[in-house]
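**Student:** Input model_24.pdb, format and content: PDB, C-alpha atoms (C1' of nucleotides).
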MODEL        1
ATOM      1  CA  MET A   1       0.000   0.000   0.000
ATOM      2  CA  MET A   2       1.475   3.308  -1.092
ATOM      3  CA  THR A   3       1.047   6.152   1.376
ATOM      4  CA  GLU A   4       1.665   9.868   1.339
ATOM      5  CA  ARG A   5       4.533   9.279   3.759
ATOM      6  CA  LYS A   6       6.246   6.700   1.558
ATOM      7  CA  LEU A   7       5.980   8.911  -1.467
ATOM      8  CA  ALA A   8       7.471  11.805   0.511
ATOM      9  CA  THR A   9      10.408   9.611   1.525
ATOM     10  CA  LEU A  10      10.972   8.596  -2.069
ATOM     11  CA  LEU A  11      10.953  12.218  -3.190
ATOM     12  CA  ARG A  12      13.419  13.236  -0.483
ATOM     13  CA  ARG A  13      15.655  10.313  -1.361
ATOM     14  CA  GLU A  14      15.773  11.575  -4.941
ATOM     15  CA  GLY A  15      16.835  15.012  -3.797
ATOM     16  CA  TYR A  16      13.471  16.727  -4.054
ATOM     17  CA  LYS A  17      12.199  18.867  -1.230
ATOM     18  CA  VAL A  18       8.986  17.969   0.512
ATOM     19  CA  THR A  19       6.914  21.119   0.856
ATOM     20  CA  PRO A  20       3.399  21.481   2.286
ATOM     21  CA  GLN A  21       2.095  21.830  -1.272
ATOM     22  CA  ARG A  22       3.707  18.596  -2.359
ATOM     23  CA  ARG A  23       2.508  16.874   0.784
ATOM     24  CA  ALA A  24      -1.066  17.890  -0.016
ATOM     25  CA  ILE A  25      -0.709  16.632  -3.588
ATOM     26  CA  LEU A  26       0.709  13.306  -2.416
ATOM     27  CA  LYS A  27      -2.144  12.945   0.040
ATOM     28  CA  ILE A  28      -4.820  13.347  -2.614
ATOM     29  CA  VAL A  29      -2.960  11.114  -5.053
ATOM     30  CA  THR A  30      -2.708   8.257  -2.563
ATOM     31  CA  GLU A  31      -6.289   8.616  -1.384
ATOM     32  CA  THR A  32      -7.881   8.773  -4.819
ATOM     33  CA  HIS A  33      -9.084   5.715  -6.677
ATOM     34  CA  ASP A  34     -10.085   7.371  -9.894
ATOM     35  CA  HIS A  35      -7.772   8.923 -12.420
ATOM     36  CA  LEU A  36      -7.011  12.593 -11.997
ATOM     37  CA  THR A  37      -6.535  15.305 -14.542
ATOM     38  CA  PRO A  38      -4.251  18.132 -13.446
ATOM     39  CA  ALA A  39      -7.354  20.308 -13.065
ATOM     40  CA  ALA A  40      -9.175  17.749 -10.900
ATOM     41  CA  LEU A  41      -6.120  17.275  -8.724
ATOM     42  CA  TYR A  42      -5.822  21.054  -8.402
ATOM     43  CA  GLU A  43      -9.426  21.375  -7.316
ATOM     44  CA  ARG A  44      -9.050  18.713  -4.631
ATOM     45  CA  VAL A  45      -5.699  19.941  -3.345
ATOM     46  CA  GLN A  46      -7.062  23.471  -3.035
ATOM     47  CA  LYS A  47      -9.299  22.347  -0.209
ATOM     48  CA  ALA A  48      -6.206  21.710   1.917
ATOM     49  CA  GLN A  49      -3.899  24.321   0.351
ATOM     50  CA  PRO A  50      -6.100  27.160  -0.909
ATOM     51  CA  HIS A  51      -3.209  29.193  -2.306
ATOM     52  CA  ILE A  52      -1.586  26.482  -4.343
ATOM     53  CA  GLY A  53      -1.019  27.236  -8.006
ATOM     54  CA  LEU A  54      -1.984  24.975 -10.880
ATOM     55  CA  VAL A  55       1.628  25.266 -12.007
ATOM     56  CA  THR A  56       2.805  23.442  -8.913
ATOM     57  CA  ILE A  57       0.399  20.631  -9.741
ATOM     58  CA  TYR A  58       1.875  20.315 -13.221
ATOM     59  CA  ARG A  59       5.437  20.390 -11.939
ATOM     60  CA  THR A  60       4.793  17.819  -9.233
ATOM     61  CA  ILE A  61       2.980  15.508 -11.631
ATOM     62  CA  GLN A  62       5.981  15.697 -13.912
ATOM     63  CA  ILE A  63       8.325  14.648 -11.109
ATOM     64  CA  LEU A  64       6.047  11.792  -9.993
ATOM     65  CA  GLU A  65       5.805  10.580 -13.550
ATOM     66  CA  GLN A  66       9.557  10.674 -14.067
ATOM     67  CA  LEU A  67      10.069   8.652 -10.903
ATOM     68  CA  GLY A  68       7.496   6.145 -12.164
ATOM     69  CA  LEU A  69       5.190   6.690  -9.204
ATOM     70  CA  ILE A  70       2.104   7.523 -11.231
ATOM     71  CA  CYS A  71       0.795   6.130 -14.527
ATOM     72  CA  GLU A  72      -0.573   8.159 -17.370
ATOM     73  CA  MET A  73      -3.969   7.082 -18.728
ATOM     74  CA  HIS A  74      -4.595   6.957 -22.448
ATOM     75  CA  ALA A  75      -8.311   6.883 -23.115
ATOM     76  CA  GLU A  76      -8.980  10.518 -22.235
ATOM     77  CA  ARG A  77      -8.997  12.797 -25.225
ATOM     78  CA  THR A  78      -9.199  16.301 -23.807
ATOM     79  CA  SER A  79      -6.638  16.343 -21.039
ATOM     80  CA  ARG A  80      -3.968  14.106 -19.622
ATOM     81  CA  SER A  81      -4.899  12.112 -16.630
ATOM     82  CA  TYR A  82      -2.928  10.196 -14.043
ATOM     83  CA  LEU A  83      -3.233   7.552 -11.397
ATOM     84  CA  LEU A  84      -1.057   6.441  -8.500
ATOM     85  CA  LYS A  85       0.952   3.400  -9.537
ATOM     86  CA  ARG A  86      -0.316   0.718  -7.191
ATOM     87  CA  ALA A  87       1.311  -2.325  -8.793
ATOM     88  CA  SER A  88       5.041  -2.170  -9.379
ATOM     89  CA  GLU A  89       5.049  -4.709 -12.229
ATOM     90  CA  HIS A  90       3.794  -4.149 -15.732
ATOM     91  CA  HIS A  91       0.028  -3.866 -15.628
ATOM     92  CA  HIS A  92      -3.028  -2.297 -17.220
ATOM     93  CA  HIS A  93      -6.258  -0.637 -16.191
ATOM     94  CA  ILE A  94     -10.009  -0.985 -16.352
ATOM     95  CA  VAL A  95     -11.612   2.429 -16.191
ATOM     96  CA  CYS A  96     -15.215   3.010 -15.231
ATOM     97  CA  SER A  97     -16.942   5.339 -17.681
ATOM     98  CA  GLY A  98     -19.370   6.309 -14.937
ATOM     99  CA  CYS A  99     -17.281   7.312 -11.941
ATOM    100  CA  GLY A 100     -13.731   7.082 -13.250
ATOM    101  CA  THR A 101     -12.646   4.413 -10.779
ATOM    102  CA  VAL A 102      -9.675   2.462 -11.993
ATOM    103  CA  THR A 103      -8.986  -1.206 -11.316
ATOM    104  CA  ASP A 104      -5.622  -2.772 -12.070
ATOM    105  CA  VAL A 105      -5.186  -5.707 -14.439
ATOM    106  CA  THR A 106      -2.022  -7.348 -13.295
ATOM    107  CA  HIS A 107      -2.066 -10.432 -15.477
ATOM    108  CA  CYS A 108      -1.272  -9.110 -18.907
ATOM    109  CA  GLU A 109      -0.844 -11.955 -21.343
ATOM    110  CA  LEU A 110       0.173  -9.949 -24.333
ATOM    111  CA  GLU A 111       3.789 -11.077 -24.464
ATOM    112  CA  LYS A 112       2.854 -14.140 -26.495
ATOM    113  CA  LEU A 113       0.729 -12.142 -28.919
ATOM    114  CA  GLN A 114       3.502  -9.564 -29.089
ATOM    115  CA  GLU A 115       6.113 -12.150 -30.052
ATOM    116  CA  GLN A 116       3.802 -13.618 -32.642
ATOM    117  CA  LEU A 117       3.145 -10.177 -34.127
ATOM    118  CA  ALA A 118       6.848  -9.407 -34.174
ATOM    119  CA  LYS A 119       7.439 -12.537 -36.238
ATOM    120  CA  GLU A 120       4.566 -11.811 -38.602
ATOM    121  CA  THR A 121       5.272  -8.153 -39.188
ATOM    122  CA  GLY A 122       9.033  -7.874 -38.800
ATOM    123  CA  PHE A 123       8.524  -5.158 -36.196
ATOM    124  CA  GLU A 124      10.783  -5.085 -33.166
ATOM    125  CA  ILE A 125       8.011  -4.489 -30.652
ATOM    126  CA  ASP A 126       9.090  -2.856 -27.424
ATOM    127  CA  GLY A 127       5.838  -1.977 -25.739
ATOM    128  CA  HIS A 128       2.106  -1.590 -25.788
ATOM    129  CA  ILE A 129      -0.689   0.341 -24.198
ATOM    130  CA  LEU A 130      -3.860  -1.448 -23.164
ATOM    131  CA  GLU A 131      -6.843  -0.052 -21.372
ATOM    132  CA  PHE A 132     -10.313  -1.457 -20.786
ATOM    133  CA  PHE A 133     -13.386   0.586 -20.157
ATOM    134  CA  GLY A 134     -16.902  -0.165 -19.044
ATOM    135  CA  TYR A 135     -18.985   0.240 -15.905
ATOM    136  CA  CYS A 136     -18.118  -0.830 -12.378
ATOM    137  CA  ARG A 137     -20.678  -2.708 -10.255
ATOM    138  CA  GLN A 138     -21.999   0.400  -8.598
ATOM    139  CA  CYS A 139     -22.408   2.376 -11.816
ATOM    140  CA  GLN A 140     -24.180  -0.568 -13.465
ATOM    141  CA  ARG A 141     -26.789  -0.355 -10.715
ATOM    142  CA  LEU A 142     -27.129   3.401 -11.134
ATOM    143  CA  LYS A 143     -27.587   2.979 -14.875
ATOM    144  CA  ALA A 144     -30.311   0.358 -14.347
ATOM    145  CA  GLU A 145     -32.449   2.627 -12.152
TER     146      GLU A 145
ATOM    147  CA  MET B 146      -8.480  -1.008 -50.616
ATOM    148  CA  MET B 147      -9.937   2.358 -49.670
ATOM    149  CA  THR B 148      -9.497   5.066 -52.269
ATOM    150  CA  GLU B 149     -10.084   8.812 -52.385
ATOM    151  CA  ARG B 150     -12.976   8.111 -54.764
ATOM    152  CA  LYS B 151     -14.700   5.643 -52.458
ATOM    153  CA  LEU B 152     -14.402   8.012 -49.524
ATOM    154  CA  ALA B 153     -15.893  10.821 -51.640
ATOM    155  CA  THR B 154     -18.851   8.608 -52.539
ATOM    156  CA  LEU B 155     -19.411   7.756 -48.892
ATOM    157  CA  LEU B 156     -19.361  11.434 -47.949
ATOM    158  CA  ARG B 157     -21.824  12.339 -50.707
ATOM    159  CA  ARG B 158     -24.082   9.469 -49.679
ATOM    160  CA  GLU B 159     -24.196  10.914 -46.170
ATOM    161  CA  GLY B 160     -25.240  14.301 -47.469
ATOM    162  CA  TYR B 161     -21.844  15.991 -47.288
ATOM    163  CA  LYS B 162     -20.566  18.005 -50.210
ATOM    164  CA  VAL B 163     -17.347  16.995 -51.905
ATOM    165  CA  THR B 164     -15.230  20.092 -52.392
ATOM    166  CA  PRO B 165     -11.730  20.364 -53.880
ATOM    167  CA  GLN B 166     -10.410  20.869 -50.342
ATOM    168  CA  ARG B 167     -12.045  17.698 -49.084
ATOM    169  CA  ARG B 168     -10.879  15.823 -52.157
ATOM    170  CA  ALA B 169      -7.302  16.849 -51.429
ATOM    171  CA  ILE B 170      -7.645  15.761 -47.805
ATOM    172  CA  LEU B 171      -9.095  12.392 -48.803
ATOM    173  CA  LYS B 172      -6.250  11.888 -51.265
ATOM    174  CA  ILE B 173      -3.565  12.392 -48.640
ATOM    175  CA  VAL B 174      -5.429  10.293 -46.086
ATOM    176  CA  THR B 175      -5.708   7.317 -48.447
ATOM    177  CA  GLU B 176      -2.126   7.596 -49.654
ATOM    178  CA  THR B 177      -0.531   7.895 -46.240
ATOM    179  CA  HIS B 178       0.655   4.925 -44.235
ATOM    180  CA  ASP B 179       1.685   6.734 -41.129
ATOM    181  CA  HIS B 180      -0.588   8.410 -38.658
ATOM    182  CA  LEU B 181      -1.331  12.060 -39.239
ATOM    183  CA  THR B 182      -1.766  14.899 -36.808
ATOM    184  CA  PRO B 183      -4.037  17.691 -38.027
ATOM    185  CA  ALA B 184      -0.912  19.813 -38.520
ATOM    186  CA  ALA B 185       0.873  17.136 -40.572
ATOM    187  CA  LEU B 186      -2.211  16.596 -42.719
ATOM    188  CA  TYR B 187      -2.468  20.351 -43.208
ATOM    189  CA  GLU B 188       1.121  20.603 -44.329
ATOM    190  CA  ARG B 189       0.718  17.833 -46.891
ATOM    191  CA  VAL B 190      -2.630  19.011 -48.192
ATOM    192  CA  GLN B 191      -1.246  22.506 -48.688
ATOM    193  CA  LYS B 192       0.973  21.240 -51.494
ATOM    194  CA  ALA B 193      -2.139  20.530 -53.562
ATOM    195  CA  GLN B 194      -4.421  23.235 -52.107
ATOM    196  CA  PRO B 195      -2.175  26.097 -50.978
ATOM    197  CA  HIS B 196      -5.026  28.213 -49.689
ATOM    198  CA  ILE B 197      -6.682  25.622 -47.503
ATOM    199  CA  GLY B 198      -7.218  26.561 -43.865
ATOM    200  CA  LEU B 199      -6.255  24.432 -40.902
ATOM    201  CA  VAL B 200      -9.847  24.789 -39.760
ATOM    202  CA  THR B 201     -11.056  22.845 -42.772
ATOM    203  CA  ILE B 202      -8.694  20.054 -41.837
ATOM    204  CA  TYR B 203     -10.149  19.910 -38.333
ATOM    205  CA  ARG B 204     -13.731  19.954 -39.600
ATOM    206  CA  THR B 205     -13.123  17.257 -42.196
ATOM    207  CA  ILE B 206     -11.308  15.044 -39.690
ATOM    208  CA  GLN B 207     -14.306  15.360 -37.415
ATOM    209  CA  ILE B 208     -16.667  14.182 -40.152
ATOM    210  CA  LEU B 209     -14.429  11.279 -41.153
ATOM    211  CA  GLU B 210     -14.169  10.238 -37.536
ATOM    212  CA  GLN B 211     -17.928  10.380 -37.013
ATOM    213  CA  LEU B 212     -18.472   8.215 -40.077
ATOM    214  CA  GLY B 213     -15.920   5.743 -38.729
ATOM    215  CA  LEU B 214     -13.623   6.144 -41.720
ATOM    216  CA  ILE B 215     -10.522   7.034 -39.740
ATOM    217  CA  CYS B 216      -9.216   5.786 -36.393
ATOM    218  CA  GLU B 217      -7.795   7.919 -33.655
ATOM    219  CA  MET B 218      -4.423   6.864 -32.256
ATOM    220  CA  HIS B 219      -3.766   6.857 -28.540
ATOM    221  CA  ALA B 220      -0.037   6.751 -27.901
ATOM    222  CA  GLU B 221       0.670  10.336 -28.949
ATOM    223  CA  ARG B 222       0.680  12.747 -26.064
ATOM    224  CA  THR B 223       0.973  16.171 -27.605
ATOM    225  CA  SER B 224      -1.595  16.186 -30.375
ATOM    226  CA  ARG B 225      -4.321  13.943 -31.686
ATOM    227  CA  SER B 226      -3.421  11.804 -34.604
ATOM    228  CA  TYR B 227      -5.412   9.786 -37.079
ATOM    229  CA  LEU B 228      -5.158   7.024 -39.598
ATOM    230  CA  LEU B 229      -7.346   5.804 -42.446
ATOM    231  CA  LYS B 230      -9.390   2.834 -41.273
ATOM    232  CA  ARG B 231      -8.162   0.049 -43.552
ATOM    233  CA  ALA B 232      -9.818  -2.915 -41.844
ATOM    234  CA  SER B 233     -13.542  -2.709 -41.268
ATOM    235  CA  GLU B 234     -13.566  -5.118 -38.332
ATOM    236  CA  HIS B 235     -12.300  -4.433 -34.848
ATOM    237  CA  HIS B 236      -8.533  -4.171 -34.949
ATOM    238  CA  HIS B 237      -5.473  -2.572 -33.406
ATOM    239  CA  HIS B 238      -2.223  -0.997 -34.505
ATOM    240  CA  ILE B 239       1.524  -1.381 -34.331
ATOM    241  CA  VAL B 240       3.162   2.005 -34.625
ATOM    242  CA  CYS B 241       6.776   2.523 -35.612
ATOM    243  CA  SER B 242       8.524   4.914 -33.245
ATOM    244  CA  GLY B 243      10.970   5.755 -36.005
ATOM    245  CA  CYS B 244       8.902   6.655 -39.055
ATOM    246  CA  GLY B 245       5.345   6.529 -37.740
ATOM    247  CA  THR B 246       4.233   3.773 -40.107
ATOM    248  CA  VAL B 247       1.219   1.899 -38.816
ATOM    249  CA  THR B 248       0.495  -1.783 -39.355
ATOM    250  CA  ASP B 249      -2.905  -3.287 -38.558
ATOM    251  CA  VAL B 250      -3.350  -6.113 -36.065
ATOM    252  CA  THR B 251      -6.548  -7.768 -37.160
ATOM    253  CA  HIS B 252      -6.511 -10.767 -34.865
ATOM    254  CA  CYS B 253      -7.291  -9.310 -31.496
ATOM    255  CA  GLU B 254      -7.764 -12.049 -28.957
ATOM    256  CA  LEU B 255      -8.770  -9.924 -26.057
ATOM    257  CA  GLU B 256     -12.403 -10.989 -25.885
ATOM    258  CA  LYS B 257     -11.525 -14.003 -23.743
ATOM    259  CA  LEU B 258      -9.376 -11.961 -21.390
ATOM    260  CA  GLN B 259     -12.098  -9.335 -21.305
ATOM    261  CA  GLU B 260     -14.753 -11.852 -20.263
ATOM    262  CA  GLN B 261     -12.463 -13.253 -17.608
ATOM    263  CA  LEU B 262     -11.750  -9.773 -16.243
ATOM    264  CA  ALA B 263     -15.434  -8.960 -16.230
ATOM    265  CA  LYS B 264     -16.067 -12.009 -14.064
ATOM    266  CA  GLU B 265     -13.194 -11.247 -11.724
ATOM    267  CA  THR B 266     -13.835  -7.549 -11.276
ATOM    268  CA  GLY B 267     -17.595  -7.251 -11.674
ATOM    269  CA  PHE B 268     -17.058  -4.615 -14.355
ATOM    270  CA  GLU B 269     -19.302  -4.606 -17.393
ATOM    271  CA  ILE B 270     -16.534  -4.135 -19.918
ATOM    272  CA  ASP B 271     -17.587  -2.634 -23.206
ATOM    273  CA  GLY B 272     -14.335  -1.844 -24.917
ATOM    274  CA  HIS B 273     -10.604  -1.507 -24.879
ATOM    275  CA  ILE B 274      -7.773   0.333 -26.557
ATOM    276  CA  LEU B 275      -4.632  -1.515 -27.508
ATOM    277  CA  GLU B 276      -1.633  -0.218 -29.344
ATOM    278  CA  PHE B 277       1.820  -1.690 -29.884
ATOM    279  CA  PHE B 278       4.926   0.287 -30.593
ATOM    280  CA  GLY B 279       8.429  -0.527 -31.679
ATOM    281  CA  TYR B 280      10.518  -0.278 -34.812
ATOM    282  CA  CYS B 281       9.646  -1.472 -38.306
ATOM    283  CA  ARG B 282      12.162  -3.457 -40.373
ATOM    284  CA  GLN B 283      13.518  -0.417 -42.135
ATOM    285  CA  CYS B 284      13.963   1.667 -38.999
ATOM    286  CA  GLN B 285      15.709  -1.240 -37.238
ATOM    287  CA  ARG B 286      18.296  -1.146 -40.016
ATOM    288  CA  LEU B 287      18.705   2.611 -39.717
ATOM    289  CA  LYS B 288      19.168   2.313 -35.958
ATOM    290  CA  ALA B 289      21.854  -0.358 -36.418
ATOM    291  CA  GLU B 290      24.001   1.819 -38.669
TER     292      GLU B 290
ATOM    293  C1'  DC C 291     -30.149  29.317 -56.153
ATOM    294  C1'  DT C 292     -29.759  27.665 -51.456
ATOM    295  C1'  DG C 293     -27.692  25.513 -47.653
ATOM    296  C1'  DG C 294     -23.615  23.538 -46.431
ATOM    297  C1'  DG C 295     -18.486  24.594 -46.778
ATOM    298  C1'  DT C 296     -14.568  27.714 -46.432
ATOM    299  C1'  DG C 297     -11.206  30.874 -44.454
ATOM    300  C1'  DC C 298     -10.143  34.495 -41.569
ATOM    301  C1'  DA C 299      -9.781  36.179 -36.974
ATOM    302  C1'  DA C 300     -10.668  35.624 -32.429
ATOM    303  C1'  DA C 301     -11.701  33.079 -28.466
ATOM    304  C1'  DG C 302     -11.192  28.871 -25.704
ATOM    305  C1'  DT C 303      -8.663  25.142 -23.517
ATOM    306  C1'  DG C 304      -4.638  22.900 -21.623
ATOM    307  C1'  DT C 305       0.275  23.263 -20.680
ATOM    308  C1'  DT C 306       4.877  25.472 -20.196
ATOM    309  C1'  DT C 307       8.199  29.181 -19.105
ATOM    310  C1'  DG C 308      10.397  33.553 -16.967
ATOM    311  C1'  DC C 309      11.121  35.640 -12.907
ATOM    312  C1'  DA C 310      11.158  37.427  -8.206
ATOM    313  C1'  DC C 311      10.372  35.806  -3.734
ATOM    314  C1'  DC C 312      10.070  32.035  -0.233
ATOM    315  C1'  DG C 313      11.253  28.157   2.851
ATOM    316  C1'  DT C 314      13.264  23.311   3.200
ATOM    317  C1'  DG C 315      17.168  20.765   4.285
TER     318       DG C 315
ATOM    319  C1'  DC D 316      21.872  30.262   4.021
ATOM    320  C1'  DA D 317      21.905  28.228  -0.622
ATOM    321  C1'  DC D 318      19.334  26.340  -3.838
ATOM    322  C1'  DG D 319      15.289  24.192  -5.202
ATOM    323  C1'  DG D 320      10.220  25.269  -4.998
ATOM    324  C1'  DT D 321       6.340  28.422  -5.491
ATOM    325  C1'  DG D 322       3.028  31.501  -7.632
ATOM    326  C1'  DC D 323       2.019  35.015 -10.646
ATOM    327  C1'  DA D 324       1.683  36.488 -15.367
ATOM    328  C1'  DA D 325       2.617  35.733 -19.793
ATOM    329  C1'  DA D 326       3.661  32.833 -23.563
ATOM    330  C1'  DC D 327       2.683  28.756 -26.102
ATOM    331  C1'  DA D 328       0.322  24.991 -28.498
ATOM    332  C1'  DC D 329      -3.718  22.950 -30.022
ATOM    333  C1'  DT D 330      -8.595  23.167 -31.044
ATOM    334  C1'  DT D 331     -13.129  25.391 -31.557
ATOM    335  C1'  DT D 332     -16.362  29.121 -32.795
ATOM    336  C1'  DG D 333     -18.482  33.426 -35.144
ATOM    337  C1'  DC D 334     -19.228  35.357 -39.289
ATOM    338  C1'  DA D 335     -19.308  36.855 -44.110
ATOM    339  C1'  DC D 336     -18.530  35.053 -48.505
ATOM    340  C1'  DC D 337     -18.393  31.072 -51.770
ATOM    341  C1'  DC D 338     -19.678  27.099 -54.568
ATOM    342  C1'  DA D 339     -21.449  22.018 -55.085
ATOM    343  C1'  DG D 340     -25.543  19.843 -55.921
TER     344       DG D 340
ENDMDL
END
Could I get this file's structure written as C-alpha cells?
**Tutor:**
Amino acid sequence: MMTERKLATLLRREGYKVTPQRRAILKIVTETHDHLTPAALYERVQKAQPHIGLVTIYRTIQILEQLGLICEMHAERTSRSYLLKRASEHHHHIVCSGCGTVTDVTHCELEKLQEQLAKETGFEIDGHILEFFGYCRQCQRLKAE
Amino acid sequence: MMTERKLATLLRREGYKVTPQRRAILKIVTETHDHLTPAALYERVQKAQPHIGLVTIYRTIQILEQLGLICEMHAERTSRSYLLKRASEHHHHIVCSGCGTVTDVTHCELEKLQEQLAKETGFEIDGHILEFFGYCRQCQRLKAE
DNA sequence: CTGGGTGCAAAGTGTTTGCACCGTG
DNA sequence: CACGGTGCAAACACTTTGCACCCAG
C-alpha cells in the first residue's frame, strides 16, 4: 500500500524537497481511486492548500511521472490524466466510464501475442498500451435505475 | 483497398458536399501509411491546395471520424493523430517509433481476457484500446548503422 | 439558387516558461 | 543560508467558434 509518507520519503531520497504543497498533492494522489486530470487534482488539493497554483500541480505531476510513481492514462482525449501506480510490475487498467474508478489488471498476457506479431510483421516491438473501459458494479446499478 | 474516390462517394451518400479541399484531404489520407496529426495533414494538403485553412482540416477530420472512416491513435501525447481505417472489423495498430508507419493487427484475442476480467472484477466491460509500438524493419536497419 | 463549406480572426482550452520571492534541508 | 520550490503572469500549443462570402448539388 502506497502512502503519502512513503511517497514523501521517495521524493526526499531523490533530492526533491517535501513542501506542504507537495505533501497535499501526495495525500490526494494516494487517497484517490479514480484517475485525476491536473485540473481535478488542483481542485481537490485546493481544499487543503487554498493558495496552491496549478503550475505546482503540473510540476509535481511531472516529477512523480519521471520517478514512475504515477501512470498516465490513455483513453482521455481532452486532457492528460494520471493515477497512483499501485502495482510495481507491468500492468493495465479498467476504467469506469461512470465514476472514473480504476482497477488494475495485473495479469497481462500480451507477451505471447507480441512475439507472434513481431514474427509476422518484422517489427521489433518494445511496448504496448492497453486499457479497458466499461462500468463498475456500482455504476451498473445506477444505470439500471 | 480504400481510395479517395470511395471516400468521396461515402461522404456524398451521407449528405456531405465533396469540395476540392475535401478531395485533397481524402487523397492524402488514403495515400498515407503513417498516422497524421491535423498539422501534418495540413502541411501535406497545402501542397495541392495552398489556400486551404487548418480549420477545414479539423472539420473534415471530425466528419471522417464520425463516419468511422478514420481511427484515432492513442499513444501520442501532444496532439491527436489519425489514420485511415483500412480494416472494417475491430482491430489494433503497431506504430513505428521511427517513421510513424502503422500496421494493422486484425486478430485481437482480447475478448476471452475481457470476459475473464469482467467475471473477476464485476465490471461490465464494453471496450478496450490496444496499441503496440516498436521499430519497423527499415527503422531497425537505420538504428543499427 | 440555397444551404452547407470555407477561411479568416478571435476566443477557448490545456500546458509550459520567466522571474522574483520564499522556505526546506 | 543556498538552492530548489512556489506563484504570478505571460507565452505557447492545439482546437473550436463566429461570421461573411463562396460554390457544389
**Student:** Of the residues A:Cys99, A:Leu117, A:Asp126, A:Val18, which is the one nearest to chain D, using all atoms listed in the file?
**Tutor:** A:Val18
**Student:** Evaluate the PyMOL selection byres ((chain D) within 12 of (chain A)) on the structure here and hand back the selected residues as a tab-separated table (two decimals) with C-alpha atoms (C1' of nucleotides), keeping the file's coordinate frame.
**Tutor:**
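Written output follows (selection35.tsv):
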chain	number	residue	atom	x	y	z
D	318	DC	C1'	19.33	26.34	-3.84
D	319	DG	C1'	15.29	24.19	-5.20
D	320	DG	C1'	10.22	25.27	-5.00
D	321	DT	C1'	6.34	28.42	-5.49
D	322	DG	C1'	3.03	31.50	-7.63
D	323	DC	C1'	2.02	35.02	-10.65
D	324	DA	C1'	1.68	36.49	-15.37
D	329	DC	C1'	-3.72	22.95	-30.02
D	330	DT	C1'	-8.60	23.17	-31.04
**Student:** Which residues of chain C sit at most 12 Å from chain A, using all atoms listed in the file? Give each one's shortest atom pair and distance in Å (one decimal place), in chain and ascending residue order, as CSV.
**Tutor:**
residue,atom,partner,partner_atom,distance
C:DT303,C1',A:Thr78,CA,8.9
C:DG304,C1',A:Ser79,CA,6.9
C:DT305,C1',A:Tyr58,CA,8.2
C:DT306,C1',A:Val55,CA,8.8
C:DT307,C1',A:Val55,CA,10.4
C:DC312,C1',A:Thr19,CA,11.4
C:DG313,C1',A:Thr19,CA,8.5
C:DT314,C1',A:Lys17,CA,6.4
C:DG315,C1',A:Lys17,CA,7.7
**Student:** Using CA of Leu41 (chain A) and CA of Thr3 (chain A) as the two end points, give the distance in Å to one decimal.
**Tutor:**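 A separation of 16.6 Å between them.
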**Student:** Pull out every residue that the PyMOL selection byres ((chain A) within 7 of (chain B)) matches in the shown coordinates and put them as a VMD selection string.
**Tutor:** chain A and resid 74 122 to 137
**Student:** Which residues match the PyMOL selection byres ((chain B and resi 194) around 10) in the file above, as number ranges by chain?
**Tutor:** B: 165-170, 187-193, 195-198
